[in-house]
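Chemist: Got a structure for you, questions after.
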Amino acid sequence: MPTSSAERPPQVLEVEQLVAGYGGAPIVHGVDVSVGAGEVATIIGPNGAGKSTLLKAITGRAEVLEGSVRLDGKDVTGRRGDQLARAGLGFVPQVNDVFGTLTVLENLEMGGYLLARKDVAPRVEEVLTAFPALCDMRTRRASKLSGGERKMLAIARVLMLRPNVIIFDEPTSNLAPVVARSVLEDQVRVLANSGSAVVLVEQRASEALTIGDWGYLLVAGRVSVSGPAAELLGRDDIGELFLGRETKPSPALNEISP
């Protein structure tokens with residue numbers, strides 16, 4: 001886990017001075033966020049902070065008014081979802097993350113929609129090897145899965161295209177605490193450990209920072225604090241910052257600047 005920005009790996013996804021919103025009205029204001037291979041960049045913040053809008057802007061689902069998004073050094077600002085998928089970016093949304101009427105196998109096949117037809121079946125087997133719990137559920141409809149199984153399928157479906165960067169929008173939403181912990185530790189963190197660059201937006205702030213490498217606190221559409229996840233987690237004033245209250249920065253944490 002890095003203790004300073006200098007210790008972070010080369011950044012694969014770089015968001016710089018992003019201003020984004022809907023209908024020309026900005027919700028996100030001048031946000032800088034980045035993540036490197038093998039890292040989990042955790043974004044936390046109160047409801048209404050603009051976290052989902054930030055992700056939608058990165059993934060081509062919200063209007064970018066200013067700033068840029070670069071993937072592997074290439075400008076991909078405002079590109080459509082399919083173009084970003086081809087470029088190596090995967091997105092696991094908070095809701096509508098799988099097709100409920102389709103089976104597990106059919107969902108995985110849909111996830112490989114950009115692959116050549118001959119490559120889909122072999123890739124399905126590769127993904128199922130990585131998620132053995134799904135093997136016995138091939139013919140089960142996604143609507144019949146538990147919350148944790150459904151999220152596992154959503155992640156597996158995104159992995160069909162071998163993304164370099166995977167973005168998660170509140171993957172533990174509506175999950176029981178023990179299942180949520182498993183999703184974060186056994187799936188999100190494990191993906192980063194395997195070399196993927198992971199951006200995680202999560203309401204369970206403590207748990208998300210615990211498995212994260214670098215943290216960002218978003219308040220009122222702006223990055224209020226950023227730094228090593230462990231240092232954000234250890235700040236005595238993180239609760240007040242979370243609520244957007246004015247506090248004095250800790251001089252011991254010079255990598256973190258409000």
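In the structure tokens, chains take the letters A, B, ... in the order shown, each chain's residues start at 1, and ligands count up from 1 in the order shown.
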At a cut-off of 12 Å, can you tabulate as a Markdown table every residue of segment 151-258 of chain A near segment 76-86 of chain A together with its closest atom pair and the distance in Å to one decimal, using only C-alpha atoms and ordering rows by chain then number?
Modeler:
```
| residue | atom | partner | partner_atom | distance |
| --- | --- | --- | --- | --- |
| A:Val158 | CA | A:Ala85 | CA | 9.1 |
| A:Leu159 | CA | A:Ala85 | CA | 10.5 |
| A:Met160 | CA | A:Ala85 | CA | 10.5 |
| A:Leu161 | CA | A:Ala85 | CA | 7.4 |
| A:Arg162 | CA | A:Ala85 | CA | 9.2 |
| A:Pro163 | CA | A:Ala85 | CA | 7.2 |
| A:Asn164 | CA | A:Ala85 | CA | 9.7 |
| A:Val165 | CA | A:Ala85 | CA | 9.6 |
| A:Ile166 | CA | A:Ala85 | CA | 10.1 |
| A:Ile167 | CA | A:Ala85 | CA | 11.5 |
```
Chemist: Show me, as a list in words, the residues that have an atom within 7 Å of Thr101 of chain A when counting only C-alpha atoms, minus same-chain residues fewer than 2 positions from it.
Modeler: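 The contact residues come out as Phe99, Thr103, Arg141, Ala142 and Ser143 of chain A.
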Chemist: Find the spatial neighbours of segment 183-200 of chain A, counting only C-alpha atoms, within a cut-off of 8 Å - ignore same-chain residues fewer than 4 positions away - and output them as a PDB file with N, CA and C atoms, in the first residue's frame.
Modeler:
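The resulting file, around20.pdb, is shown below:
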```pdb
ATOM      1  N   VAL A  12      -3.022   4.205 -14.880  1.00  0.00           N
ATOM      2  CA  VAL A  12      -3.653   3.677 -16.089  1.00  0.00           C
ATOM      3  C   VAL A  12      -4.855   4.539 -16.496  1.00  0.00           C
ATOM      4  N   LEU A  13      -5.635   4.942 -15.509  1.00  0.00           N
ATOM      5  CA  LEU A  13      -6.784   5.828 -15.736  1.00  0.00           C
ATOM      6  C   LEU A  13      -6.504   7.149 -15.041  1.00  0.00           C
ATOM      7  N   VAL A  35      -5.869   5.991 -11.057  1.00  0.00           N
ATOM      8  CA  VAL A  35      -5.632   4.663 -10.501  1.00  0.00           C
ATOM      9  C   VAL A  35      -4.599   3.946 -11.359  1.00  0.00           C
ATOM     10  N   GLY A  36      -3.753   3.156 -10.716  1.00  0.00           N
ATOM     11  CA  GLY A  36      -2.731   2.400 -11.428  1.00  0.00           C
ATOM     12  C   GLY A  36      -3.012   0.914 -11.387  1.00  0.00           C
ATOM     13  N   ALA A  37      -2.296   0.163 -12.186  1.00  0.00           N
ATOM     14  CA  ALA A  37      -2.442  -1.287 -12.207  1.00  0.00           C
ATOM     15  C   ALA A  37      -2.148  -1.866 -10.827  1.00  0.00           C
ATOM     16  N   GLY A  38      -3.021  -2.755 -10.369  1.00  0.00           N
ATOM     17  CA  GLY A  38      -2.849  -3.371  -9.068  1.00  0.00           C
ATOM     18  C   GLY A  38      -3.363  -2.551  -7.905  1.00  0.00           C
ATOM     19  N   GLU A  39      -3.916  -1.385  -8.181  1.00  0.00           N
ATOM     20  CA  GLU A  39      -4.432  -0.499  -7.142  1.00  0.00           C
ATOM     21  C   GLU A  39      -5.950  -0.556  -7.049  1.00  0.00           C
ATOM     22  N   VAL A  40      -6.449  -0.288  -5.841  1.00  0.00           N
ATOM     23  CA  VAL A  40      -7.857   0.059  -5.640  1.00  0.00           C
ATOM     24  C   VAL A  40      -7.898   1.526  -5.234  1.00  0.00           C
ATOM     25  N   ALA A  41      -8.471   2.367  -6.085  1.00  0.00           N
ATOM     26  CA  ALA A  41      -8.700   3.770  -5.744  1.00  0.00           C
ATOM     27  C   ALA A  41     -10.118   3.887  -5.230  1.00  0.00           C
ATOM     28  N   THR A  42     -10.255   4.194  -3.958  1.00  0.00           N
ATOM     29  CA  THR A  42     -11.553   4.218  -3.294  1.00  0.00           C
ATOM     30  C   THR A  42     -12.089   5.642  -3.236  1.00  0.00           C
ATOM     31  N   ILE A  43     -13.320   5.819  -3.695  1.00  0.00           N
ATOM     32  CA  ILE A  43     -13.980   7.123  -3.654  1.00  0.00           C
ATOM     33  C   ILE A  43     -15.152   7.027  -2.699  1.00  0.00           C
ATOM     34  N   GLY A 148     -25.357 -11.702  -3.386  1.00  0.00           N
ATOM     35  CA  GLY A 148     -23.928 -11.899  -3.565  1.00  0.00           C
ATOM     36  C   GLY A 148     -23.594 -12.634  -4.844  1.00  0.00           C
ATOM     37  N   LYS A 151     -23.974 -10.260  -7.814  1.00  0.00           N
ATOM     38  CA  LYS A 151     -22.834  -9.344  -7.966  1.00  0.00           C
ATOM     39  C   LYS A 151     -21.624 -10.082  -8.533  1.00  0.00           C
ATOM     40  N   MET A 152     -21.435 -11.324  -8.108  1.00  0.00           N
ATOM     41  CA  MET A 152     -20.351 -12.128  -8.658  1.00  0.00           C
ATOM     42  C   MET A 152     -20.523 -12.296 -10.160  1.00  0.00           C
ATOM     43  N   PRO A 163     -10.880  -6.363 -19.199  1.00  0.00           N
ATOM     44  CA  PRO A 163     -10.587  -4.935 -19.037  1.00  0.00           C
ATOM     45  C   PRO A 163      -9.324  -4.700 -18.211  1.00  0.00           C
ATOM     46  N   ASN A 164      -8.612  -3.626 -18.523  1.00  0.00           N
ATOM     47  CA  ASN A 164      -7.458  -3.213 -17.725  1.00  0.00           C
ATOM     48  C   ASN A 164      -7.891  -2.421 -16.497  1.00  0.00           C
ATOM     49  N   VAL A 165      -9.017  -1.698 -16.654  1.00  0.00           N
ATOM     50  CA  VAL A 165      -9.563  -0.873 -15.577  1.00  0.00           C
ATOM     51  C   VAL A 165     -11.001  -1.315 -15.324  1.00  0.00           C
ATOM     52  N   ILE A 166     -11.341  -1.524 -14.057  1.00  0.00           N
ATOM     53  CA  ILE A 166     -12.702  -1.913 -13.694  1.00  0.00           C
ATOM     54  C   ILE A 166     -13.242  -0.889 -12.708  1.00  0.00           C
ATOM     55  N   ILE A 167     -14.406  -0.336 -13.023  1.00  0.00           N
ATOM     56  CA  ILE A 167     -15.044   0.674 -12.180  1.00  0.00           C
ATOM     57  C   ILE A 167     -16.280   0.071 -11.520  1.00  0.00           C
ATOM     58  N   PHE A 168     -16.355   0.193 -10.207  1.00  0.00           N
ATOM     59  CA  PHE A 168     -17.482  -0.328  -9.440  1.00  0.00           C
ATOM     60  C   PHE A 168     -18.280   0.828  -8.837  1.00  0.00           C
ATOM     61  N   ASP A 169     -19.580   0.817  -9.045  1.00  0.00           N
ATOM     62  CA  ASP A 169     -20.469   1.807  -8.425  1.00  0.00           C
ATOM     63  C   ASP A 169     -21.256   1.122  -7.311  1.00  0.00           C
ATOM     64  N   GLU A 170     -20.794   1.299  -6.076  1.00  0.00           N
ATOM     65  CA  GLU A 170     -21.433   0.766  -4.869  1.00  0.00           C
ATOM     66  C   GLU A 170     -21.801  -0.712  -5.011  1.00  0.00           C
ATOM     67  N   PRO A 171     -20.814  -1.588  -5.149  1.00  0.00           N
ATOM     68  CA  PRO A 171     -21.093  -3.003  -5.356  1.00  0.00           C
ATOM     69  C   PRO A 171     -21.751  -3.708  -4.180  1.00  0.00           C
ATOM     70  N   THR A 172     -21.702  -3.123  -2.963  1.00  0.00           N
ATOM     71  CA  THR A 172     -22.298  -3.797  -1.808  1.00  0.00           C
ATOM     72  C   THR A 172     -23.682  -3.263  -1.466  1.00  0.00           C
ATOM     73  N   VAL A 179     -21.903 -10.557   3.421  1.00  0.00           N
ATOM     74  CA  VAL A 179     -21.791 -10.704   1.970  1.00  0.00           C
ATOM     75  C   VAL A 179     -21.041  -9.506   1.386  1.00  0.00           C
ATOM     76  N   GLU A 207     -14.923   0.052   5.321  1.00  0.00           N
ATOM     77  CA  GLU A 207     -14.569  -1.199   4.654  1.00  0.00           C
ATOM     78  C   GLU A 207     -13.878  -0.938   3.321  1.00  0.00           C
ATOM     79  N   ALA A 208     -14.370   0.075   2.600  1.00  0.00           N
ATOM     80  CA  ALA A 208     -13.796   0.395   1.290  1.00  0.00           C
ATOM     81  C   ALA A 208     -12.377   0.930   1.419  1.00  0.00           C
ATOM     82  N   ILE A 211      -9.730  -1.914   2.184  1.00  0.00           N
ATOM     83  CA  ILE A 211      -9.209  -2.725   1.076  1.00  0.00           C
ATOM     84  C   ILE A 211      -8.603  -1.844  -0.023  1.00  0.00           C
ATOM     85  N   GLY A 212      -8.649  -0.528   0.159  1.00  0.00           N
ATOM     86  CA  GLY A 212      -8.143   0.397  -0.854  1.00  0.00           C
ATOM     87  C   GLY A 212      -6.668   0.717  -0.675  1.00  0.00           C
TER      88      GLY A 212
END
```
Chemist: I'd like a table as CSV: residues in segment 35-114 of chain A with an atom no more than 9 Å from segment 218-229 of chain A, each row giving the shortest atom pair and its distance in Å to one decimal, only C-alpha atoms counted, sorted by chain and rising residue number.
Modeler:
```
residue,atom,partner,partner_atom,distance
A:Ala41,CA,A:Ala229,CA,8.2
A:Thr42,CA,A:Ala229,CA,7.5
A:Ile43,CA,A:Leu218,CA,6.9
A:Ile44,CA,A:Leu218,CA,6.1
A:Gly45,CA,A:Leu218,CA,4.9
A:Pro46,CA,A:Val219,CA,6.8
A:Asn47,CA,A:Val219,CA,9.0
A:Gly48,CA,A:Ala220,CA,7.1
A:Ala49,CA,A:Ala220,CA,4.6
A:Gly50,CA,A:Gly221,CA,5.0
A:Lys51,CA,A:Leu218,CA,7.0
A:Thr53,CA,A:Gly221,CA,8.9
A:Leu54,CA,A:Gly221,CA,8.4
```
Chemist: So that I have them on file, write out the residues from the current selection with C-alpha atoms, as a PDB file, in the first residue's frame.
Modeler:
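Output below, filename part-v4.pdb:
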```pdb
ATOM      1  CA  ALA A  41      -8.700   3.770  -5.744  1.00  0.00           C
ATOM      2  CA  THR A  42     -11.553   4.218  -3.294  1.00  0.00           C
ATOM      3  CA  ILE A  43     -13.980   7.123  -3.654  1.00  0.00           C
ATOM      4  CA  ILE A  44     -16.187   7.849  -0.671  1.00  0.00           C
ATOM      5  CA  GLY A  45     -18.539  10.681   0.193  1.00  0.00           C
ATOM      6  CA  PRO A  46     -22.005  11.506   1.489  1.00  0.00           C
ATOM      7  CA  ASN A  47     -25.173  11.042  -0.533  1.00  0.00           C
ATOM      8  CA  GLY A  48     -25.468  13.719  -3.198  1.00  0.00           C
ATOM      9  CA  ALA A  49     -21.713  14.316  -3.346  1.00  0.00           C
ATOM     10  CA  GLY A  50     -21.611  13.542  -7.076  1.00  0.00           C
ATOM     11  CA  LYS A  51     -19.964  10.121  -6.904  1.00  0.00           C
ATOM     12  CA  THR A  53     -22.198  11.411 -11.716  1.00  0.00           C
ATOM     13  CA  LEU A  54     -18.397  11.241 -11.680  1.00  0.00           C
TER      14      LEU A  54
END
```
Chemist: Write down as a PyMOL selection string the residues of segment 149-223 of chain A whose backbone DSSP state falls under strand (DSSP E or B).
Modeler: chain A and resi 165-169+197-201+214-219+222-223
Chemist: Restricting it to N, CA and C atoms, dump the selection as a PDB file, in the first residue's frame.
Modeler:
```
ATOM      1  N   VAL A 165      -9.017  -1.698 -16.654  1.00  0.00           N
ATOM      2  CA  VAL A 165      -9.563  -0.873 -15.577  1.00  0.00           C
ATOM      3  C   VAL A 165     -11.001  -1.315 -15.324  1.00  0.00           C
ATOM      4  N   ILE A 166     -11.341  -1.524 -14.057  1.00  0.00           N
ATOM      5  CA  ILE A 166     -12.702  -1.913 -13.694  1.00  0.00           C
ATOM      6  C   ILE A 166     -13.242  -0.889 -12.708  1.00  0.00           C
ATOM      7  N   ILE A 167     -14.406  -0.336 -13.023  1.00  0.00           N
ATOM      8  CA  ILE A 167     -15.044   0.674 -12.180  1.00  0.00           C
ATOM      9  C   ILE A 167     -16.280   0.071 -11.520  1.00  0.00           C
ATOM     10  N   PHE A 168     -16.355   0.193 -10.207  1.00  0.00           N
ATOM     11  CA  PHE A 168     -17.482  -0.328  -9.440  1.00  0.00           C
ATOM     12  C   PHE A 168     -18.280   0.828  -8.837  1.00  0.00           C
ATOM     13  N   ASP A 169     -19.580   0.817  -9.045  1.00  0.00           N
ATOM     14  CA  ASP A 169     -20.469   1.807  -8.425  1.00  0.00           C
ATOM     15  C   ASP A 169     -21.256   1.122  -7.311  1.00  0.00           C
ATOM     16  N   ALA A 197      -6.559  -2.450 -12.537  1.00  0.00           N
ATOM     17  CA  ALA A 197      -6.726  -1.150 -11.890  1.00  0.00           C
ATOM     18  C   ALA A 197      -8.203  -1.007 -11.537  1.00  0.00           C
ATOM     19  N   VAL A 198      -8.504  -0.746 -10.279  1.00  0.00           N
ATOM     20  CA  VAL A 198      -9.882  -0.752  -9.806  1.00  0.00           C
ATOM     21  C   VAL A 198     -10.247   0.607  -9.215  1.00  0.00           C
ATOM     22  N   VAL A 199     -11.352   1.169  -9.685  1.00  0.00           N
ATOM     23  CA  VAL A 199     -11.942   2.363  -9.075  1.00  0.00           C
ATOM     24  C   VAL A 199     -13.210   1.914  -8.361  1.00  0.00           C
ATOM     25  N   LEU A 200     -13.287   2.198  -7.078  1.00  0.00           N
ATOM     26  CA  LEU A 200     -14.395   1.734  -6.244  1.00  0.00           C
ATOM     27  C   LEU A 200     -15.111   2.909  -5.602  1.00  0.00           C
ATOM     28  N   VAL A 201     -16.385   3.104  -5.961  1.00  0.00           N
ATOM     29  CA  VAL A 201     -17.248   4.032  -5.240  1.00  0.00           C
ATOM     30  C   VAL A 201     -18.084   3.208  -4.273  1.00  0.00           C
ATOM     31  N   TRP A 214      -5.479   3.926  -2.369  1.00  0.00           N
ATOM     32  CA  TRP A 214      -5.529   5.386  -2.392  1.00  0.00           C
ATOM     33  C   TRP A 214      -6.984   5.797  -2.218  1.00  0.00           C
ATOM     34  N   GLY A 215      -7.210   6.860  -1.474  1.00  0.00           N
ATOM     35  CA  GLY A 215      -8.580   7.264  -1.194  1.00  0.00           C
ATOM     36  C   GLY A 215      -8.877   8.682  -1.624  1.00  0.00           C
ATOM     37  N   TYR A 216     -10.124   8.895  -2.000  1.00  0.00           N
ATOM     38  CA  TYR A 216     -10.632  10.219  -2.365  1.00  0.00           C
ATOM     39  C   TYR A 216     -11.937  10.447  -1.614  1.00  0.00           C
ATOM     40  N   LEU A 217     -12.041  11.586  -0.965  1.00  0.00           N
ATOM     41  CA  LEU A 217     -13.287  11.974  -0.312  1.00  0.00           C
ATOM     42  C   LEU A 217     -13.939  13.064  -1.152  1.00  0.00           C
ATOM     43  N   LEU A 218     -15.106  12.755  -1.688  1.00  0.00           N
ATOM     44  CA  LEU A 218     -15.836  13.689  -2.541  1.00  0.00           C
ATOM     45  C   LEU A 218     -16.957  14.331  -1.733  1.00  0.00           C
ATOM     46  N   VAL A 219     -16.968  15.639  -1.690  1.00  0.00           N
ATOM     47  CA  VAL A 219     -17.999  16.394  -0.973  1.00  0.00           C
ATOM     48  C   VAL A 219     -18.476  17.522  -1.873  1.00  0.00           C
ATOM     49  N   ARG A 222     -16.697  18.017  -5.235  1.00  0.00           N
ATOM     50  CA  ARG A 222     -15.270  18.319  -5.278  1.00  0.00           C
ATOM     51  C   ARG A 222     -14.500  17.331  -4.410  1.00  0.00           C
ATOM     52  N   VAL A 223     -13.238  17.076  -4.762  1.00  0.00           N
ATOM     53  CA  VAL A 223     -12.388  16.243  -3.922  1.00  0.00           C
ATOM     54  C   VAL A 223     -11.951  17.075  -2.721  1.00  0.00           C
TER      55      VAL A 223
END
```
Chemist: Can you tell me how far atom CA of Pro132 of chain A sits from atom CA of Gln94 of chain A, in Å to one decimal?
Modeler: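 So the answer is 23.2 Å.
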Chemist: Would you mind telling me which residue in A:Ser206, A:Ser52, A:Asn107, A:Thr59 lies nearest to Leu89 of chain A when using only C-alpha atoms?
Modeler: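 Smallest separation from Leu89 of chain A among the options: A:Thr59.
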Chemist: Restricting the calculation to only C-alpha atoms, which member of A:Val33, A:Ala87, A:Val127, A:Gly21 is positioned closest to Arg61 of chain A?
Modeler: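 Closest candidate: A:Gly21.
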Chemist: So that I can see what lies close to Leu128 of chain A, please list as a list in words the residues with an atom at most 8 Å from it, counting only C-alpha atoms and leaving out residues fewer than 6 positions away in the same chain.
Modeler: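 Residues near the query, excluding close chain neighbours: Leu134, Cys135 and Ala156 of chain A.
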Chemist: Work out how far apart atom CA of Ala230 of chain A and atom CA of Asp213 of chain A are and give it in Å to one decimal.
Modeler: 7.4 Å
Chemist: Take atom CA of Val31 of chain A and atom CA of Glu16 of chain A and report the distance between them in Å, one decimal.
Modeler: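 Between these atoms lies a distance of 6.3 Å.
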Chemist: Return as a PDB file with C-alpha atoms, in the first residue's frame the full set of residues in segment 97-204 of chain A whose backbone-based DSSP assignment is helix (DSSP H, G or I).
Modeler:
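Printed below is result_39.pdb as written:
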```
ATOM      1  CA  VAL A 104     -25.757 -17.266 -15.892  1.00  0.00           C
ATOM      2  CA  LEU A 105     -24.276 -18.690 -19.086  1.00  0.00           C
ATOM      3  CA  GLU A 106     -26.301 -16.343 -21.297  1.00  0.00           C
ATOM      4  CA  ASN A 107     -25.213 -13.350 -19.201  1.00  0.00           C
ATOM      5  CA  LEU A 108     -21.574 -14.278 -19.673  1.00  0.00           C
ATOM      6  CA  GLU A 109     -22.093 -14.727 -23.394  1.00  0.00           C
ATOM      7  CA  MET A 110     -23.680 -11.266 -23.532  1.00  0.00           C
ATOM      8  CA  GLY A 111     -20.633  -9.922 -21.706  1.00  0.00           C
ATOM      9  CA  ARG A 117     -17.978 -15.687 -32.014  1.00  0.00           C
ATOM     10  CA  LYS A 118     -15.393 -18.482 -31.879  1.00  0.00           C
ATOM     11  CA  ASP A 119     -13.745 -16.862 -28.847  1.00  0.00           C
ATOM     12  CA  VAL A 120     -16.855 -16.510 -26.661  1.00  0.00           C
ATOM     13  CA  ALA A 121     -17.190 -20.108 -25.394  1.00  0.00           C
ATOM     14  CA  PRO A 122     -13.494 -20.494 -24.486  1.00  0.00           C
ATOM     15  CA  ARG A 123     -13.577 -17.162 -22.665  1.00  0.00           C
ATOM     16  CA  VAL A 124     -16.695 -18.220 -20.743  1.00  0.00           C
ATOM     17  CA  GLU A 125     -14.819 -21.278 -19.491  1.00  0.00           C
ATOM     18  CA  GLU A 126     -11.845 -19.124 -18.463  1.00  0.00           C
ATOM     19  CA  VAL A 127     -14.107 -16.793 -16.491  1.00  0.00           C
ATOM     20  CA  LEU A 128     -15.973 -19.675 -14.844  1.00  0.00           C
ATOM     21  CA  THR A 129     -12.617 -21.109 -13.769  1.00  0.00           C
ATOM     22  CA  ALA A 130     -11.961 -17.819 -11.968  1.00  0.00           C
ATOM     23  CA  PRO A 132     -16.028 -21.641  -9.686  1.00  0.00           C
ATOM     24  CA  ALA A 133     -19.129 -20.900  -7.603  1.00  0.00           C
ATOM     25  CA  LEU A 134     -20.894 -19.945 -10.836  1.00  0.00           C
ATOM     26  CA  CYS A 135     -20.080 -23.241 -12.573  1.00  0.00           C
ATOM     27  CA  ASP A 136     -23.008 -25.136 -11.052  1.00  0.00           C
ATOM     28  CA  MET A 137     -25.345 -22.207 -11.797  1.00  0.00           C
ATOM     29  CA  ALA A 142     -29.944 -14.453 -12.844  1.00  0.00           C
ATOM     30  CA  SER A 143     -33.197 -13.374 -11.189  1.00  0.00           C
ATOM     31  CA  LYS A 144     -32.978 -16.518  -9.020  1.00  0.00           C
ATOM     32  CA  GLY A 147     -27.515 -10.738  -3.951  1.00  0.00           C
ATOM     33  CA  GLY A 148     -23.928 -11.899  -3.565  1.00  0.00           C
ATOM     34  CA  GLU A 149     -24.197 -14.393  -6.428  1.00  0.00           C
ATOM     35  CA  ARG A 150     -25.710 -11.749  -8.654  1.00  0.00           C
ATOM     36  CA  LYS A 151     -22.834  -9.344  -7.966  1.00  0.00           C
ATOM     37  CA  MET A 152     -20.351 -12.128  -8.658  1.00  0.00           C
ATOM     38  CA  LEU A 153     -22.033 -12.704 -12.016  1.00  0.00           C
ATOM     39  CA  ALA A 154     -21.936  -8.969 -12.776  1.00  0.00           C
ATOM     40  CA  ILE A 155     -18.191  -8.915 -12.174  1.00  0.00           C
ATOM     41  CA  ALA A 156     -17.650 -12.100 -14.184  1.00  0.00           C
ATOM     42  CA  ARG A 157     -19.651 -10.674 -17.083  1.00  0.00           C
ATOM     43  CA  VAL A 158     -17.485  -7.544 -17.195  1.00  0.00           C
ATOM     44  CA  LEU A 159     -14.331  -9.674 -17.107  1.00  0.00           C
ATOM     45  CA  PRO A 177     -22.729  -7.078   5.971  1.00  0.00           C
ATOM     46  CA  VAL A 178     -21.041 -10.477   5.702  1.00  0.00           C
ATOM     47  CA  VAL A 179     -21.791 -10.704   1.970  1.00  0.00           C
ATOM     48  CA  ALA A 180     -20.659  -7.103   1.433  1.00  0.00           C
ATOM     49  CA  ARG A 181     -17.361  -7.855   3.143  1.00  0.00           C
ATOM     50  CA  SER A 182     -16.860 -10.877   0.900  1.00  0.00           C
ATOM     51  CA  VAL A 183     -17.531  -8.837  -2.256  1.00  0.00           C
ATOM     52  CA  LEU A 184     -14.981  -6.220  -1.237  1.00  0.00           C
ATOM     53  CA  GLU A 185     -12.277  -8.553   0.084  1.00  0.00           C
ATOM     54  CA  ASP A 186     -12.692 -11.664  -2.076  1.00  0.00           C
ATOM     55  CA  GLN A 187     -13.661 -10.068  -5.368  1.00  0.00           C
ATOM     56  CA  VAL A 188     -12.774  -6.360  -5.633  1.00  0.00           C
ATOM     57  CA  ARG A 189      -9.451  -6.619  -3.782  1.00  0.00           C
ATOM     58  CA  VAL A 190      -8.537  -9.894  -5.470  1.00  0.00           C
ATOM     59  CA  LEU A 191      -9.056  -8.299  -8.899  1.00  0.00           C
ATOM     60  CA  ALA A 192      -6.544  -5.591  -8.013  1.00  0.00           C
ATOM     61  CA  ASN A 193      -4.128  -8.166  -6.633  1.00  0.00           C
TER      62      ASN A 193
END
```
Chemist: Write out as a short mmCIF file (atom, residue, chain, number, x, y, z; two decimals) with N, CA and C atoms, in the first residue's frame the residues lying within 10 Å of Val64 of chain A, counting only C-alpha atoms and excluding same-chain residues fewer than 5 positions away.
Modeler:
```
data_model
loop_
_atom_site.label_atom_id
_atom_site.label_comp_id
_atom_site.auth_asym_id
_atom_site.auth_seq_id
_atom_site.Cartn_x
_atom_site.Cartn_y
_atom_site.Cartn_z
N LEU A 18 -12.06 17.41 -14.04
CA LEU A 18 -13.32 17.04 -14.68
C LEU A 18 -14.48 17.85 -14.12
N VAL A 19 -15.20 18.48 -15.02
CA VAL A 19 -16.45 19.16 -14.70
C VAL A 19 -17.54 18.44 -15.49
N ALA A 20 -18.56 17.94 -14.80
CA ALA A 20 -19.56 17.12 -15.49
C ALA A 20 -20.91 17.27 -14.83
N GLY A 21 -21.95 16.97 -15.59
CA GLY A 21 -23.31 17.06 -15.07
C GLY A 21 -24.31 16.68 -16.13
N TYR A 22 -25.45 17.35 -16.11
CA TYR A 22 -26.55 17.02 -17.01
C TYR A 22 -27.18 18.31 -17.52
N GLY A 24 -25.98 20.69 -19.20
CA GLY A 24 -25.13 21.87 -19.05
C GLY A 24 -24.95 22.34 -17.62
N PRO A 26 -23.39 21.76 -14.07
CA PRO A 26 -22.35 20.93 -13.45
C PRO A 26 -22.75 20.41 -12.08
N VAL A 28 -20.27 17.83 -10.82
CA VAL A 28 -18.89 17.53 -10.44
C VAL A 28 -18.02 18.70 -10.89
N LEU A 54 -19.80 11.35 -11.30
CA LEU A 54 -18.40 11.24 -11.68
C LEU A 54 -18.16 9.96 -12.48
N LYS A 56 -20.37 8.16 -14.09
CA LYS A 56 -21.10 8.22 -15.36
C LYS A 56 -20.36 9.10 -16.38
N ALA A 57 -19.72 10.15 -15.91
CA ALA A 57 -18.95 11.00 -16.82
C ALA A 57 -17.73 10.25 -17.35
N ILE A 58 -17.07 9.50 -16.48
CA ILE A 58 -15.91 8.73 -16.91
C ILE A 58 -16.31 7.68 -17.94
N VAL A 69 -10.48 12.67 -19.59
CA VAL A 69 -10.34 11.31 -19.10
C VAL A 69 -9.35 10.61 -20.03
N THR A 77 -12.21 10.99 -23.42
CA THR A 77 -13.26 11.84 -22.84
C THR A 77 -14.53 11.78 -23.67
N GLY A 78 -15.63 11.45 -23.02
CA GLY A 78 -16.94 11.48 -23.67
C GLY A 78 -17.22 10.33 -24.61
#
```
Chemist: Given the choices A:Glu66, A:Glu202, A:Asp72, A:Asp32, which gets closest to Pro93 of chain A if the distance is worked out from only C-alpha atoms?
Modeler: A:Glu202
